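Student: Have a look at this one before I ask anything.
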Amino acid sequence: MRLKTETKRQAILDVAAQVFREGGFERSSMNEICQRVGGSKATIYNYFASKEELFFEVMRQSADAEFEQVHAALDVSTEDIAKALETFGQRLITFIYSPQLQSMRRLVISESGRADLGRKCYENGPARSLVVVSAFLSTAMEQGKLRKADARTASLQLKALYEAEFHDRFMCHILDELDSKDVKQAVTRAV
């Protein structure tokens with residue numbers, strides 16, 4: 001029975017992701033999701049208490065596995081800090097500027113003022129990443145591989161440098177799919 005429950009929950013998430021991408025958060029409805037999944041709204045509400053909760057879970061699920069893979073590049077035992085930061089930066093930029101994540105990020109940005117989604121998504125993504133990157137930089141500083149500084153500030157500045165060549169175009173909806181060569185060059189300049 002549990003497998004069937006998880007299967008249904010995943011089916012709801014898959015359909016909701018498609019509906020949110022097509023219509024944005026505001027124009028998407030639980031009725032539309034229900035029609036596409038089949039069944040009743042009560043069934044969906046058994047799995048997710050609100051549209052906001054469903055949207056957040058779609059966001060979280062789409063990013064979690066990739067988040068771990070991106071941050072795996074930050075191995076504190078590495079001797080070549082620049083290489084580790086370049087690998088991490090390339091993975092991060094490729095991930096956060098992928099077409100799927102761009103559309104999800106735009107939805108979060110557009111809905112952040114109306115719901116608690118902005119805070120939840122920040123805590124699940126950027127804030128979580130900040131902790132991991134700060135710990136990596138702090139360890140590298142303690143080992144003498146980087147000069148001492150405030151690791152949290154350094155992490156924020158590093159992320160800003162990684163994104164410097166892409167962020168404005170993303171915000172203005174004119175960022176095309178990124179070429180890996182461009183990402184590599186931009187990240188190398190940032191590091």
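Naming scheme: A, B, ... for chains in displayed order of the structure tokens; residues 1 onward per chain; ligands 1 onward as shown.
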Env of Glu163 in chain A: 9 Å cut, atoms = only C-alpha atoms, seq-sep filter 2 positions within chain, self excluded. Answer as an NGL selection string.

Tutor: :A and (93 or 158-161 or 165-168 or 186-187 or 190)

Student: Contacts of Thr7 in chain A at 12 Å or less, counting only C-alpha atoms, minus same-chain residues fewer than 6 places along, as a ChimeraX atom specification?

Tutor: /A:1,13-14,37,47

Student: Selected residues, C-alpha atoms, written as a PDB file, in the first residue's frame, please.

Tutor:
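Listed below is the output, out-v6.pdb:
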```pdb
ATOM      1  CA  MET A   1       0.000   0.000   0.000  1.00  0.00           C
ATOM      2  CA  LEU A  13       4.280  16.240  -8.053  1.00  0.00           C
ATOM      3  CA  ASP A  14       5.101  15.460 -11.691  1.00  0.00           C
ATOM      4  CA  VAL A  37      -3.772  13.632 -12.274  1.00  0.00           C
ATOM      5  CA  TYR A  47      -0.843  14.747   0.252  1.00  0.00           C
TER       6      TYR A  47
END
```

Student: Need to verify the contact set: Val58 in chain A, 10 Å, only C-alpha atoms, exclusion of same-chain residues closer than 4 positions in sequence. Can you return it as a compact mmCIF listing (two decimals) with N, CA and C atoms, in the first residue's frame?

Tutor:
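Output (result_2.txt):
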```txt
# COMPACT_ATOMS: atom_id res chain seq x y z
N GLN A 10 4.05 11.02 -6.11
CA GLN A 10 4.99 11.42 -7.16
C GLN A 10 4.26 11.83 -8.43
N ILE A 12 1.34 13.26 -8.56
CA ILE A 12 0.84 14.61 -8.28
C ILE A 12 1.97 15.63 -8.46
N LEU A 13 3.14 15.33 -7.93
CA LEU A 13 4.28 16.24 -8.05
C LEU A 13 4.70 16.44 -9.51
N ASP A 14 4.71 15.36 -10.28
CA ASP A 14 5.10 15.46 -11.69
C ASP A 14 4.13 16.33 -12.48
N VAL A 15 2.85 16.13 -12.26
CA VAL A 15 1.84 16.92 -12.96
C VAL A 15 1.89 18.37 -12.48
N ALA A 16 2.02 18.57 -11.18
CA ALA A 16 2.08 19.93 -10.64
C ALA A 16 3.27 20.69 -11.22
N ALA A 17 4.40 20.04 -11.35
CA ALA A 17 5.58 20.70 -11.92
C ALA A 17 5.28 21.20 -13.33
N GLN A 18 4.63 20.37 -14.11
CA GLN A 18 4.29 20.75 -15.48
C GLN A 18 3.30 21.91 -15.48
N PHE A 20 2.75 24.18 -13.11
CA PHE A 20 3.41 25.40 -12.63
C PHE A 20 4.31 26.01 -13.70
N GLU A 52 0.70 26.24 -2.06
CA GLU A 52 2.04 26.70 -1.70
C GLU A 52 2.93 25.52 -1.28
N GLU A 53 2.38 24.63 -0.47
CA GLU A 53 3.14 23.46 -0.02
C GLU A 53 3.49 22.56 -1.21
N LEU A 54 2.56 22.38 -2.11
CA LEU A 54 2.80 21.57 -3.30
C LEU A 54 3.88 22.21 -4.17
N SER A 62 13.00 19.06 -7.30
CA SER A 62 13.74 19.28 -8.54
C SER A 62 15.19 19.66 -8.28
N ALA A 63 15.49 20.15 -7.09
CA ALA A 63 16.82 20.66 -6.83
C ALA A 63 17.69 19.79 -5.91
N MET A 104 11.87 27.73 -12.55
CA MET A 104 11.44 27.59 -11.17
C MET A 104 11.87 28.80 -10.33
```

Student: Report as CSV: every residue of range 98-126 of chain A with an atom at most 10 Å from range 130-149 of chain A, its closest pair of atoms, and their distance in Å to one decimal, counting only C-alpha atoms, with rows sorted by chain and ascending residue number.

Tutor:
```
residue,atom,partner,partner_atom,distance
A:Glu123,CA,A:Leu130,CA,9.7
A:Gly125,CA,A:Leu130,CA,8.6
A:Pro126,CA,A:Leu130,CA,6.0
```

Student: Those selected residues, please, written with all heavy atoms and delivered as a short mmCIF file (atom, residue, chain, number, x, y, z; two decimals), in the first residue's frame.

Tutor:
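As a result, part.cif now contains:
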```
data_model
loop_
_atom_site.label_atom_id
_atom_site.label_comp_id
_atom_site.auth_asym_id
_atom_site.auth_seq_id
_atom_site.Cartn_x
_atom_site.Cartn_y
_atom_site.Cartn_z
N GLU A 123 15.87 29.18 2.25
CA GLU A 123 16.45 28.29 3.26
C GLU A 123 16.85 26.95 2.67
O GLU A 123 17.85 26.36 3.08
CB GLU A 123 15.45 28.08 4.40
CG GLU A 123 15.28 29.32 5.26
CD GLU A 123 14.14 29.21 6.26
OE1 GLU A 123 13.40 28.19 6.25
OE2 GLU A 123 13.97 30.16 7.06
N GLY A 125 17.76 26.36 -0.49
CA GLY A 125 18.77 26.47 -1.54
C GLY A 125 19.94 27.35 -1.14
O GLY A 125 20.95 26.87 -0.62
N PRO A 126 19.83 28.67 -1.39
CA PRO A 126 20.97 29.55 -1.13
C PRO A 126 21.50 29.51 0.31
O PRO A 126 22.71 29.49 0.50
CB PRO A 126 20.41 30.94 -1.47
CG PRO A 126 19.35 30.68 -2.48
CD PRO A 126 18.72 29.37 -2.06
#
```

Student: Which residue is closest to Tyr162 in chain A? Choose from A:Thr78, A:Gln100, A:Ser50, A:Thr94 and count only C-alpha atoms.

Tutor: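 So, comparing all the options, the nearest one is A:Thr94.
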
Student: How far is it from CA of Phe25 in chain A to CA of Ser103 in chain A, in Å with one decimal?

Tutor: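 Computing it gives 11.1 Å between the two atoms.
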
Student: For a test of reading the model, state the distance in Å between CA of Thr5 in chain A and CA of Thr43 in chain A, rounded to one decimal.

Tutor: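 Interatomic distance here is 10.6 Å.
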
Student: Which is closer to Arg21 in chain A than all the others in A:Ile44, A:Val108, A:Ala73, A:Ala82, using only C-alpha atoms?

Tutor: A:Val108

Student: Which of these residues is nearest to Thr188 in chain A, using only C-alpha atoms: A:Leu85, A:Val70, A:Val76, A:Ala65?

Tutor: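 Among the listed residues, the smallest separation from Thr188 in chain A belongs to A:Leu85.
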
Student: Range 23-136 of chain A near range 170-174 of chain A within 9 Å: what's each residue's closest atom pair and its distance in Å to one decimal, counting only C-alpha atoms, ordered by chain then ascending residue number, as CSV?

Tutor:
```
residue,atom,partner,partner_atom,distance
A:Tyr97,CA,A:Phe170,CA,7.9
A:Gln102,CA,A:Phe170,CA,7.7
A:Arg106,CA,A:Met171,CA,8.2
```

Student: Per DSSP on the backbone, filter range 13-117 of chain A down to the residues in helix (DSSP H, G or I) and report them as a PyMOL selection string.

Tutor: chain A and resi 13-27+30-37+41-47+51-71+81-96+99-111+117

Student: Distance CA of Ser129 in chain A-CA of Phe48 in chain A, one decimal place?

Tutor: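 Those two atoms sit 26.2 Å apart.
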
Student: Which residue gives the smallest distance to Glu57 in chain A among A:Ser77, A:Lys120, A:Asp176, A:Arg152, with only C-alpha atoms counted?

Tutor: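 When distances to Glu57 in chain A are compared using only C-alpha atoms, the smallest one comes from A:Lys120.
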